[in-house]
file upload35.txt (compact mmCIF, C-alpha atoms)
# COMPACT_ATOMS: atom_id res chain seq x y z
CA MET A 156 79.13 170.14 30.34
CA GLU A 157 81.89 171.06 27.86
CA ALA A 158 84.21 168.38 29.26
CA TYR A 159 81.38 165.84 29.17
CA LEU A 160 80.59 166.59 25.51
CA LEU A 161 84.29 166.33 24.68
CA ASP A 162 84.45 162.92 26.33
CA PHE A 163 81.31 161.79 24.52
CA THR A 164 82.72 162.91 21.17
CA ASN A 165 85.94 161.10 22.00
CA MET A 166 83.98 157.93 22.73
CA LEU A 167 81.99 158.09 19.48
CA LEU A 168 85.11 158.79 17.40
CA ARG A 169 86.96 155.95 19.09
CA TRP A 170 84.04 153.62 18.41
CA LEU A 171 84.01 154.61 14.74
CA HIS A 172 87.78 154.17 14.57
CA VAL A 173 87.63 150.67 16.05
CA ILE A 174 84.72 149.62 13.81
CA ALA A 175 86.48 150.84 10.66
CA ALA A 176 89.78 149.29 11.74
CA ILE A 177 88.18 145.90 12.41
CA ALA A 178 86.50 145.98 8.99
CA TRP A 179 89.70 147.06 7.19
CA ILE A 180 92.09 144.74 8.98
CA GLY A 181 89.69 141.82 8.81
CA GLU A 182 89.26 142.21 5.07
CA SER A 183 92.99 142.69 4.56
CA ILE A 184 93.86 139.57 6.56
CA TYR A 185 91.21 137.61 4.67
CA PHE A 186 92.62 138.53 1.27
CA VAL A 187 96.18 137.69 2.36
CA MET A 188 94.88 134.32 3.54
CA LEU A 189 93.01 133.85 0.26
CA ASP A 190 96.04 134.78 -1.83
CA ASN A 191 98.29 132.35 0.03
CA SER A 192 95.73 129.52 0.03
CA LEU A 193 95.22 129.37 -3.72
CA THR A 194 96.00 126.17 -5.56
CA PRO A 195 96.34 125.70 -9.35
CA PRO A 196 92.96 124.91 -10.92
CA ARG A 197 92.47 121.23 -11.72
CA ASP A 198 90.22 121.88 -14.69
CA GLU A 199 92.07 122.56 -17.94
CA SER A 200 89.33 124.83 -19.28
CA THR A 201 89.60 126.97 -16.16
CA ARG A 202 93.34 127.34 -16.62
CA LYS A 203 92.83 128.38 -20.25
CA LYS A 204 90.62 131.22 -19.07
CA GLY A 205 93.64 132.67 -17.27
CA VAL A 206 92.78 131.51 -13.75
CA PHE A 207 96.00 131.43 -11.74
CA GLY A 208 94.63 129.78 -8.61
CA GLU A 209 91.44 128.91 -6.77
CA MET A 210 90.20 128.05 -3.32
CA TRP A 211 87.13 126.18 -2.15
CA ALA A 212 85.83 127.04 1.30
CA VAL A 213 82.86 126.41 3.53
CA HIS A 214 81.59 129.02 5.94
CA GLY A 215 78.31 129.90 7.60
CA GLY A 216 76.46 127.00 6.06
CA GLY A 217 77.50 127.73 2.49
CA PHE A 218 80.24 126.78 0.01
CA TYR A 219 82.44 129.34 -1.72
CA HIS A 220 84.65 129.11 -4.79
CA ASN A 221 87.25 131.89 -5.14
CA GLN A 222 89.41 132.32 -8.23
CA LYS A 223 92.36 134.60 -9.00
CA TYR A 224 93.36 135.52 -12.54
CA ALA A 225 97.03 135.64 -13.50
CA THR A 226 96.49 138.62 -15.79
CA SER A 227 92.88 139.65 -16.26
CA PRO A 228 89.53 137.97 -16.93
CA GLU A 229 87.88 138.17 -20.31
CA THR A 230 85.21 140.51 -18.97
CA LEU A 231 84.68 142.56 -15.84
CA PRO A 232 81.31 142.79 -14.06
CA SER A 233 79.77 146.19 -13.46
CA ASP A 234 79.51 145.52 -9.71
CA LEU A 235 83.23 144.99 -9.14
CA HIS A 236 84.01 145.19 -5.42
CA TRP A 237 86.59 147.77 -4.28
CA SER A 238 88.27 147.97 -0.88
CA PHE A 239 89.35 151.43 0.19
CA TRP A 240 86.77 153.31 2.28
CA LYS A 241 87.46 151.16 5.32
CA SER A 242 91.10 152.20 5.12
CA TYR A 243 90.33 155.88 4.69
CA THR A 244 87.71 155.90 7.45
CA THR A 245 90.16 154.24 9.85
CA TRP A 246 92.85 156.83 9.18
CA LEU A 247 90.55 159.85 9.17
CA SER A 248 88.84 158.85 12.43
CA GLY A 249 92.20 158.07 14.02
CA PHE A 250 93.62 161.43 12.99
CA ALA A 251 90.50 163.16 14.31
CA LEU A 252 91.03 161.43 17.65
CA PHE A 253 94.66 162.54 17.69
CA VAL A 254 93.61 166.14 17.06
CA LEU A 255 90.86 165.99 19.69
CA LEU A 256 92.90 164.33 22.43
CA TYR A 257 96.49 165.41 21.82
CA MET A 258 96.71 168.44 19.57
CA THR A 259 94.11 170.43 21.50
CA ASN A 260 96.37 170.25 24.57
CA PRO A 261 99.89 169.59 23.24
CA GLY A 262 101.74 170.98 26.25
CA PHE A 263 99.95 168.42 28.35
CA TYR A 264 100.16 165.36 26.08
CA LEU A 265 102.89 165.88 23.48
CA VAL A 266 105.72 167.79 25.14
CA ASP A 267 108.14 165.81 27.29
CA PRO A 268 109.76 168.26 29.75
CA ASN A 269 112.21 165.51 30.74
CA SER A 270 113.48 164.91 27.20
CA ASN A 271 117.25 164.66 26.84
CA TRP A 272 116.95 166.93 23.82
CA GLU A 273 116.65 170.48 25.10
CA TRP A 274 114.72 171.79 22.09
CA ALA A 275 112.15 169.00 22.49
CA ALA A 276 111.72 169.65 26.21
CA SER A 277 111.16 173.36 25.61
CA MET A 278 108.70 173.14 22.70
CA THR A 279 105.64 175.34 22.89
CA GLY A 280 102.23 173.88 22.13
CA TRP A 281 102.07 174.94 18.48
CA GLN A 282 105.66 173.78 17.93
CA ALA A 283 104.78 170.34 19.33
CA ASN A 284 101.74 170.12 17.04
CA VAL A 285 103.76 171.07 13.96
CA THR A 286 106.51 168.64 14.95
CA ALA A 287 103.97 165.82 15.32
CA LEU A 288 102.48 166.52 11.88
CA VAL A 289 105.92 166.72 10.27
CA PHE A 290 106.87 163.48 12.02
CA LEU A 291 103.87 161.71 10.49
CA LEU A 292 104.52 163.16 7.03
CA LEU A 293 108.23 162.40 7.03
CA GLY A 294 107.57 158.84 8.19
CA TRP A 295 105.46 158.23 5.08
CA VAL A 296 107.83 160.09 2.73
CA VAL A 297 110.91 158.19 3.88
CA TYR A 298 109.13 154.83 3.77
CA ASN A 299 107.68 155.54 0.32
CA GLU A 300 111.03 156.67 -1.08
CA MET A 301 112.69 153.54 0.28
CA CYS A 302 110.13 151.38 -1.52
CA LYS A 303 110.61 153.29 -4.78
CA ARG A 304 114.41 153.32 -4.69
CA ILE A 305 115.35 149.99 -3.10
CA SER A 306 112.85 147.77 -4.89
CA PRO A 307 111.16 149.73 -7.70
CA ASN A 308 110.30 146.61 -9.68
CA MET A 309 109.79 144.37 -6.65
CA GLU A 310 113.02 142.48 -7.34
CA ARG A 311 114.65 143.28 -3.97
CA ASP A 312 111.77 143.05 -1.55
CA GLY A 313 113.84 141.10 0.98
CA ILE A 314 116.36 143.93 1.27
CA LEU A 315 113.49 146.42 1.37
CA SER A 316 111.90 144.54 4.29
CA LEU A 317 115.14 144.82 6.28
CA ALA A 318 115.37 148.52 5.47
CA VAL A 319 111.78 149.09 6.63
CA ALA A 320 112.58 147.24 9.88
CA VAL A 321 115.55 149.57 10.48
CA LEU A 322 113.33 152.54 9.69
CA MET A 323 110.80 151.49 12.32
CA VAL A 324 113.52 151.21 14.97
CA ALA A 325 114.63 154.73 14.04
CA VAL A 326 111.04 155.99 14.25
CA ALA A 327 110.61 154.35 17.67
CA TYR A 328 113.83 155.92 18.95
CA LEU A 329 113.12 159.41 17.60
CA SER A 330 109.54 159.45 18.84
CA THR A 331 110.57 158.62 22.40
CA GLN A 332 113.26 161.32 22.37
CA ILE A 333 111.00 164.04 20.99
CA PHE A 334 107.57 163.38 22.49
CA ALA A 335 106.08 162.36 25.83
CA GLY A 336 106.01 158.59 26.30
CA ARG A 337 102.37 157.85 25.61
CA ALA A 338 102.34 160.16 22.57
CA ALA A 339 105.58 158.58 21.31
CA PHE A 340 104.03 155.11 21.15
CA LEU A 341 100.88 156.48 19.57
CA LEU A 342 102.81 158.45 16.94
CA THR A 343 104.98 155.47 16.02
CA GLY A 344 101.82 153.46 15.47
CA ALA A 345 100.36 156.41 13.55
CA VAL A 346 103.40 156.50 11.25
CA MET A 347 102.80 152.84 10.40
CA ALA A 348 99.04 153.34 10.04
CA THR A 349 99.60 156.37 7.82
CA ALA A 350 101.89 154.30 5.61
CA MET A 351 99.22 151.59 5.44
CA SER A 352 96.43 153.94 4.42
CA ALA A 353 98.69 155.92 2.08
CA ASN A 354 99.71 152.66 0.41
CA VAL A 355 96.04 152.11 -0.37
CA PHE A 356 95.44 155.71 -1.50
CA PHE A 357 98.58 156.34 -3.56
CA TRP A 358 99.49 152.89 -4.87
CA ILE A 359 97.02 150.05 -4.48
CA ILE A 360 93.80 151.74 -5.61
CA PRO A 361 95.37 153.87 -8.42
CA GLY A 362 97.11 150.75 -9.73
CA GLN A 363 93.86 148.83 -9.69
CA ARG A 364 92.05 151.67 -11.46
CA ARG A 365 94.70 151.70 -14.21
CA MET A 366 94.31 147.94 -14.61
CA VAL A 367 90.52 148.23 -14.92
CA LYS A 368 90.83 151.15 -17.35
CA ALA A 369 93.25 149.18 -19.53
CA MET A 370 90.90 146.20 -19.62
CA GLU A 371 87.92 148.37 -20.52
CA ALA A 372 89.99 149.78 -23.38
CA GLY A 373 90.83 146.27 -24.57
CA GLU A 374 94.48 146.62 -23.55
CA ALA A 375 96.67 144.41 -21.40
CA PRO A 376 97.13 145.81 -17.87
CA ASN A 377 100.62 146.78 -16.78
CA PRO A 378 101.82 143.85 -14.60
CA LEU A 379 103.84 146.27 -12.46
CA ASP A 380 100.61 147.75 -11.12
CA GLY A 381 99.62 144.36 -9.76
CA LYS A 382 103.10 143.73 -8.35
CA ARG A 383 103.29 147.12 -6.66
CA GLY A 384 99.86 146.64 -5.15
CA LYS A 385 100.89 143.24 -3.84
CA GLN A 386 104.12 144.66 -2.40
CA ARG A 387 102.33 147.38 -0.45
CA SER A 388 99.58 144.98 0.66
CA VAL A 389 102.22 142.65 2.07
CA HIS A 390 103.79 145.53 3.99
CA ASN A 391 100.37 146.45 5.34
CA THR A 392 99.72 142.97 6.68
CA TYR A 393 103.00 142.97 8.64
CA PHE A 394 102.25 146.42 10.05
CA THR A 395 98.83 145.31 11.30
CA LEU A 396 99.59 143.59 14.62
CA PRO A 397 102.23 146.13 15.74
CA VAL A 398 99.87 149.02 14.98
CA VAL A 399 97.06 147.47 17.02
CA LEU A 400 99.41 146.99 19.97
CA LEU A 401 100.81 150.52 19.79
CA MET A 402 97.31 151.98 19.72
CA LEU A 403 96.50 150.03 22.90
CA SER A 404 99.78 150.90 24.64
CA ASN A 405 98.54 154.14 26.24
CA HIS A 406 96.73 152.00 28.81
CA TYR A 407 99.98 150.44 30.06
CA SER A 408 102.45 152.86 31.59
CA PHE A 409 105.18 150.24 32.07
CA MET A 410 105.71 150.38 28.29
CA TYR A 411 106.00 154.09 27.66
CA SER A 412 107.48 155.30 30.96
CA HIS A 413 110.62 153.12 30.83
CA GLU A 414 113.94 154.76 29.99
CA LEU A 415 114.40 152.20 27.21
CA SER A 416 110.86 152.49 25.94
CA TRP A 417 112.05 152.68 22.32
CA VAL A 418 113.71 149.26 22.71
CA ILE A 419 110.55 147.81 24.26
CA MET A 420 108.52 149.31 21.43
CA SER A 421 110.86 147.88 18.78
CA LEU A 422 110.72 144.43 20.35
CA PHE A 423 106.93 144.45 20.24
CA ILE A 424 106.92 145.65 16.61
CA PHE A 425 109.14 142.77 15.55
CA ALA A 426 107.20 140.31 17.72
CA GLY A 427 103.95 141.32 16.03
CA ALA A 428 105.49 140.97 12.56
CA LEU A 429 106.89 137.51 13.38
CA ILE A 430 103.57 136.28 14.74
CA ARG A 431 101.83 137.59 11.64
CA GLN A 432 104.39 135.77 9.49
CA PHE A 433 103.37 132.49 11.09
CA PHE A 434 99.81 132.91 9.82
CA VAL A 435 100.92 134.10 6.40
CA VAL A 436 103.09 130.99 5.97
CA MET A 437 100.42 128.74 7.48
CA HIS A 438 97.95 129.79 4.79
CA SER A 439 100.49 128.60 2.24
CA GLY A 440 100.22 125.13 3.75
CA LYS A 441 103.33 125.28 5.96
CA ILE A 442 103.50 125.21 9.73
CA GLN A 443 106.64 126.92 11.01
CA PRO A 444 106.42 127.35 14.79
CA ALA A 445 109.81 129.07 14.84
CA TYR A 446 108.10 132.35 13.89
CA PRO A 447 105.67 132.59 16.83
CA ALA A 448 108.37 131.14 19.12
CA ALA A 449 110.69 133.97 18.11
CA GLY A 450 107.86 136.46 18.56
CA VAL A 451 107.08 135.17 22.05
CA ALA A 452 110.81 135.27 22.88
CA LEU A 453 110.92 138.97 21.97
CA VAL A 454 107.85 139.60 24.12
CA LEU A 455 109.55 137.85 27.05
CA VAL A 456 112.66 139.97 26.56
CA SER A 457 110.47 143.07 26.71
CA VAL A 458 108.79 141.73 29.88
CA TRP A 459 112.22 141.34 31.48
CA LEU A 460 113.39 144.72 30.26
CA ALA A 461 110.28 146.60 31.41
CA ALA A 462 110.17 145.00 34.86
CA PRO A 463 110.40 147.61 37.66
CA SER A 464 113.90 147.89 39.05
CA GLY A 465 113.06 149.69 42.25
CA PRO A 466 114.64 153.10 41.65
CA ALA A 467 116.83 154.29 44.48
CA ALA A 468 115.64 157.19 46.59
CA SER A 469 117.81 160.16 47.45
CA ASP A 470 120.21 159.84 50.37
CA ALA A 471 118.11 162.07 52.57
CA VAL A 472 115.02 159.96 52.10
CA ALA A 473 116.85 156.64 52.22
CA ALA A 474 118.49 157.52 55.51
CA ALA A 475 115.18 158.14 57.19
CA GLU A 476 112.44 155.68 57.95
CA GLY A 477 110.36 154.93 54.87
CA PRO A 478 107.42 157.25 54.24
CA THR A 479 103.98 156.18 55.36
CA LEU A 480 100.89 155.75 53.22
CA ASP A 481 99.42 158.95 54.66
CA GLU A 482 102.57 160.94 53.79
CA VAL A 483 102.55 159.67 50.22
CA HIS A 484 98.83 160.26 49.89
CA ALA A 485 99.33 163.86 50.99
CA ILE A 486 101.77 164.37 48.10
CA VAL A 487 99.46 162.65 45.65
CA THR A 488 96.51 164.71 46.88
CA GLU A 489 98.39 167.93 46.20
CA ARG A 490 99.94 166.94 42.88
CA CYS A 491 97.62 164.37 41.28
CA VAL A 492 94.05 164.53 42.59
CA ALA A 493 93.11 167.52 40.42
CA CYS A 494 92.84 165.01 37.56
CA HIS A 495 92.67 161.65 39.32
CA SER A 496 89.50 162.11 41.32
CA GLN A 497 85.92 160.97 40.98
CA GLN A 498 85.17 164.65 40.39
CA PRO A 499 88.24 166.18 38.71
CA THR A 500 88.83 169.90 39.18
CA GLN A 501 91.35 170.17 36.33
CA PRO A 502 89.69 171.91 33.33
CA GLY A 503 89.00 169.56 30.45
CA PHE A 504 88.43 166.43 32.55
CA SER A 505 84.94 165.13 33.24
CA SER A 506 86.24 161.82 34.62
CA PRO A 507 89.57 160.53 35.99
CA PRO A 508 92.10 159.54 33.28
CA ALA A 509 92.28 155.76 32.82
CA GLY A 510 89.83 155.44 35.73
CA VAL A 511 92.66 155.97 38.26
CA VAL A 512 91.39 157.66 41.43
CA TYR A 513 93.38 158.83 44.47
CA ASP A 514 90.64 160.34 46.63
CA THR A 515 91.41 158.02 49.55
CA PRO A 516 94.58 156.28 50.82
CA ASP A 517 93.04 152.89 50.04
CA GLN A 518 92.56 153.88 46.41
CA LEU A 519 96.22 154.94 46.24
CA LEU A 520 97.28 151.64 47.77
CA ARG A 521 95.47 149.70 45.06
CA GLN A 522 97.40 151.66 42.40
CA SER A 523 100.73 151.70 44.25
CA GLN A 524 103.01 149.98 41.74
CA LYS A 525 101.70 151.84 38.70
CA THR A 526 101.83 155.13 40.61
CA LYS A 527 105.44 154.63 41.68
CA GLN A 528 106.48 153.72 38.16
CA VAL A 529 104.97 156.72 36.37
CA VAL A 530 105.95 159.19 39.08
CA THR A 531 109.55 158.09 39.56
CA SER A 532 110.09 157.93 35.78
CA GLY A 533 109.00 161.58 35.56
CA TYR A 534 106.13 160.79 33.20
CA MET A 535 103.48 161.88 35.67
CA PRO A 536 102.15 164.41 36.35
CA LEU A 537 101.88 165.10 32.61
CA GLY A 538 104.12 168.02 31.75
CA ASN A 539 104.69 168.32 35.53
CA MET A 540 101.82 170.80 35.45
CA THR A 541 101.45 170.61 39.25
CA ASN A 542 105.19 171.19 39.85
CA MET A 543 105.97 167.96 41.69
CA THR A 544 109.47 168.27 43.18
CA GLN A 545 112.25 165.72 42.92
CA LYS A 546 112.13 165.28 46.69
CA GLU A 547 108.46 164.31 46.42
CA ARG A 548 109.27 161.83 43.66
CA ASP A 549 112.01 160.33 45.81
CA THR A 550 109.60 160.03 48.72
CA ILE A 551 107.13 158.09 46.57
CA ALA A 552 110.00 155.95 45.23
CA ALA A 553 111.06 155.07 48.78
CA TRP A 554 107.54 154.18 49.86
CA GLU A 555 107.14 150.50 50.75
CA GLU A 556 103.43 149.85 50.63
call {"tool": "encode", "arguments": {"input": "upload35.txt", "output": "structure tokens"}}
result
Amino acid sequence: MEAYLLDFTNMLLRWLHVIAAIAWIGESIYFVMLDNSLTPPRDESTRKKGVFGEMWAVHGGGFYHNQKYATSPETLPSDLHWSFWKSYTTWLSGFALFVLLYMTNPGFYLVDPNSNWEWAASMTGWQANVTALVFLLLGWVVYNEMCKRISPNMERDGILSLAVAVLMVAVAYLSTQIFAGRAAFLLTGAVMATAMSANVFFWIIPGQRRMVKAMEAGEAPNPLDGKRGKQRSVHNTYFTLPVVLLMLSNHYSFMYSHELSWVIMSLFIFAGALIRQFFVVMHSGKIQPAYPAAGVALVLVSVWLAAPSGPAASDAVAAAEGPTLDEVHAIVTERCVACHSQQPTQPGFSSPPAGVVYDTPDQLLRQSQKTKQVVTSGYMPLGNMTNMTQKERDTIAAWEE
């Protein structure tokens, strides 16, 4: 019953997280589209009121007229719309999921016993949890300091964008060296998502509040508040597609179990940013297919890079006749079925992870390629909690289904 309630809580939190994320990202993408679709007002009286740009649209059977002011309108309505709770709810629910699924069992999900860094491979559970939290915090601190120091007045945003790109490659590399593969992808996405939500909390909303306060006091708002908010909003929109992909990556072992997983991750991050750039430019009235073409090219490179290479078995196994399905299933039964069964016996599991079941040889056969990949890479069993030997891994690697 305890495992069932844990799963049910996980499901409800994940649902909340997805709902909040859809609402936040959808609104964010809409406002970027709106900002880039504005045209100078045709009416002279409208321009004199300080309107910088406007957009007419039709949707859902109605017509809409949006206007953006260059500085500030003459008066502000009492029902001014603010956008921040969607962001906060997304981050809080995502962090709660991370605590529930990863930090409650860090030795199982966070620690990579095969890490090339000895201290990372030998972390205890509480050390892995602290490391993960520090990783998230430092990701935001470094990113934020880069923004403040490289382009404090938004005059060098191009250089800042390159620096942020380098930072994300570094985050991808470090995460895959410190944490287990699936957690590494999730934490890289969480670093970006934390930066997105922190941008809203520390910069965008405070800047907007200062602007409103100045207007209510009859003063001119500081234009830097608007520029800083725009800068961080632009960063958020380019983070969006990579974050969504990284949050989905734990379903696809070919991404996080590869020895060059950090390269694959980086390629997908850049591909997502390039594809997003296509839409940003398109809303400005320009069609530049080079951006999605470059994004697709990076995806294809990652497809080539992640393709299984057929790892060689040990000499002893290679010299003998290839193992049979029954022999491989016997290994899997001993080392994997505690979790991957219709009725798992491993504490904490009420259902098989990812729906993968090995109760019968036929079920193993249907999952043969994925099984070989995660076993031979050392990713599974998680934390090698069932003590699978290298000889057993080699046997599975040599299996020709």
call {"tool": "closest_atom_pairs", "arguments": {"input": "upload35.txt", "of": "stretch 307-348 of chain A", "to": "stretch 282-288 of chain A", "cutoff": "10 Å", "atoms": "only C-alpha atoms", "output": "tab-separated table"}}
result
residue	atom	partner	partner_atom	distance
A:Ser330	CA	A:Ala287	CA	9.2
A:Ile333	CA	A:Thr286	CA	8.8
A:Phe334	CA	A:Ala283	CA	8.1
A:Ala338	CA	A:Ala287	CA	9.3
A:Ala339	CA	A:Ala287	CA	9.5
A:Leu342	CA	A:Ala287	CA	7.6
call {"tool": "closest_residue", "arguments": {"input": "upload35.txt", "among": "A:Phe394, A:Ala212, A:Ala335, A:Val367", "to": "A:Asn271", "atoms": "all atoms listed in the file"}}
result
A:Ala335
call {"tool": "atom_distance", "arguments": {"input": "upload35.txt", "atom1": "atom CA of A:His236", "atom2": "atom CA of A:Leu171"}}
result
22.3 Å
call {"tool": "closest_atom_pairs", "arguments": {"input": "upload35.txt", "of": "stretch 256-374 of chain A", "to": "stretch 157-167 of chain A", "cutoff": "12 Å", "atoms": "all atoms listed in the file", "output": "tab-separated table"}}
result
residue	atom	partner	partner_atom	distance
A:Leu256	CA	A:Asn165	CA	7.7
A:Tyr257	CA	A:Asn165	CA	11.4
A:Thr259	CA	A:Leu161	CA	11.1
call {"tool": "atom_distance", "arguments": {"input": "upload35.txt", "atom1": "atom CA of A:Lys382", "atom2": "atom CA of A:Ala445"}}
result
28.2 Å
call {"tool": "residues_around", "arguments": {"input": "upload35.txt", "residues": "A:Pro536", "least_positions_apart": "6", "cutoff": "9 Å", "atoms": "all atoms listed in the file", "output": "list in words"}}
result
Arg490, Cys491, Val529, Val530, Asn542 and Met543 of chain A
call {"tool": "decode", "arguments": {"input": "upload35.txt", "residues": "stretch 195-252 of chain A", "atoms": "C-alpha atoms", "output": "PDB file, in the first residue's frame"}}
result
ATOM      1  CA  PRO A 195       4.045  50.743 -35.419  1.00  0.00           C
ATOM      2  CA  PRO A 196       0.543  52.163 -34.900  1.00  0.00           C
ATOM      3  CA  ARG A 197      -0.921  53.802 -37.992  1.00  0.00           C
ATOM      4  CA  ASP A 198      -2.970  56.311 -36.041  1.00  0.00           C
ATOM      5  CA  GLU A 199      -1.067  59.450 -35.034  1.00  0.00           C
ATOM      6  CA  SER A 200      -3.123  59.949 -31.877  1.00  0.00           C
ATOM      7  CA  THR A 201      -2.241  56.422 -30.759  1.00  0.00           C
ATOM      8  CA  ARG A 202       1.458  57.105 -31.242  1.00  0.00           C
ATOM      9  CA  LYS A 203       1.179  60.303 -29.203  1.00  0.00           C
ATOM     10  CA  LYS A 204      -0.174  58.274 -26.304  1.00  0.00           C
ATOM     11  CA  GLY A 205       3.151  56.444 -26.184  1.00  0.00           C
ATOM     12  CA  VAL A 206       2.083  53.254 -27.964  1.00  0.00           C
ATOM     13  CA  PHE A 207       5.200  51.611 -29.372  1.00  0.00           C
ATOM     14  CA  GLY A 208       3.497  48.878 -31.382  1.00  0.00           C
ATOM     15  CA  GLU A 209       0.223  47.041 -31.866  1.00  0.00           C
ATOM     16  CA  MET A 210      -1.142  43.816 -33.256  1.00  0.00           C
ATOM     17  CA  TRP A 211      -4.579  42.889 -34.524  1.00  0.00           C
ATOM     18  CA  ALA A 212      -5.539  39.227 -34.290  1.00  0.00           C
ATOM     19  CA  VAL A 213      -8.531  36.980 -34.711  1.00  0.00           C
ATOM     20  CA  HIS A 214      -9.016  33.901 -32.577  1.00  0.00           C
ATOM     21  CA  GLY A 215     -11.911  31.796 -31.362  1.00  0.00           C
ATOM     22  CA  GLY A 216     -14.501  33.838 -33.202  1.00  0.00           C
ATOM     23  CA  GLY A 217     -13.365  37.198 -31.852  1.00  0.00           C
ATOM     24  CA  PHE A 218     -11.023  40.059 -32.778  1.00  0.00           C
ATOM     25  CA  TYR A 219      -8.246  41.291 -30.499  1.00  0.00           C
ATOM     26  CA  HIS A 220      -6.235  44.501 -30.481  1.00  0.00           C
ATOM     27  CA  ASN A 221      -2.995  44.376 -28.455  1.00  0.00           C
ATOM     28  CA  GLN A 222      -0.851  47.433 -27.790  1.00  0.00           C
ATOM     29  CA  LYS A 223       2.578  47.869 -26.218  1.00  0.00           C
ATOM     30  CA  TYR A 224       3.727  51.148 -24.690  1.00  0.00           C
ATOM     31  CA  ALA A 225       7.281  52.365 -25.254  1.00  0.00           C
ATOM     32  CA  THR A 226       7.509  53.795 -21.737  1.00  0.00           C
ATOM     33  CA  SER A 227       4.296  53.683 -19.745  1.00  0.00           C
ATOM     34  CA  PRO A 228       0.615  54.455 -20.289  1.00  0.00           C
ATOM     35  CA  GLU A 229      -0.985  57.523 -18.812  1.00  0.00           C
ATOM     36  CA  THR A 230      -2.915  55.429 -16.301  1.00  0.00           C
ATOM     37  CA  LEU A 231      -2.822  51.855 -15.077  1.00  0.00           C
ATOM     38  CA  PRO A 232      -5.972  49.784 -14.475  1.00  0.00           C
ATOM     39  CA  SER A 233      -6.540  48.240 -11.071  1.00  0.00           C
ATOM     40  CA  ASP A 234      -6.905  44.761 -12.605  1.00  0.00           C
ATOM     41  CA  LEU A 235      -3.448  44.661 -14.186  1.00  0.00           C
ATOM     42  CA  HIS A 236      -2.577  41.086 -15.170  1.00  0.00           C
ATOM     43  CA  TRP A 237       0.613  39.578 -13.711  1.00  0.00           C
ATOM     44  CA  SER A 238       2.349  36.385 -14.836  1.00  0.00           C
ATOM     45  CA  PHE A 239       4.331  34.593 -12.163  1.00  0.00           C
ATOM     46  CA  TRP A 240       2.380  31.894 -10.303  1.00  0.00           C
ATOM     47  CA  LYS A 241       2.524  29.550 -13.275  1.00  0.00           C
ATOM     48  CA  SER A 242       6.303  29.793 -13.174  1.00  0.00           C
ATOM     49  CA  TYR A 243       6.536  29.242  -9.439  1.00  0.00           C
ATOM     50  CA  THR A 244       4.073  26.347  -9.475  1.00  0.00           C
ATOM     51  CA  THR A 245       6.026  24.650 -12.261  1.00  0.00           C
ATOM     52  CA  TRP A 246       9.304  24.889 -10.361  1.00  0.00           C
ATOM     53  CA  LEU A 247       7.891  23.949  -6.961  1.00  0.00           C
ATOM     54  CA  SER A 248       6.029  20.910  -8.304  1.00  0.00           C
ATOM     55  CA  GLY A 249       9.090  19.852 -10.303  1.00  0.00           C
ATOM     56  CA  PHE A 250      11.334  20.143  -7.257  1.00  0.00           C
ATOM     57  CA  ALA A 251       8.815  18.174  -5.196  1.00  0.00           C
ATOM     58  CA  LEU A 252       8.920  15.423  -7.820  1.00  0.00           C
TER      59      LEU A 252
END
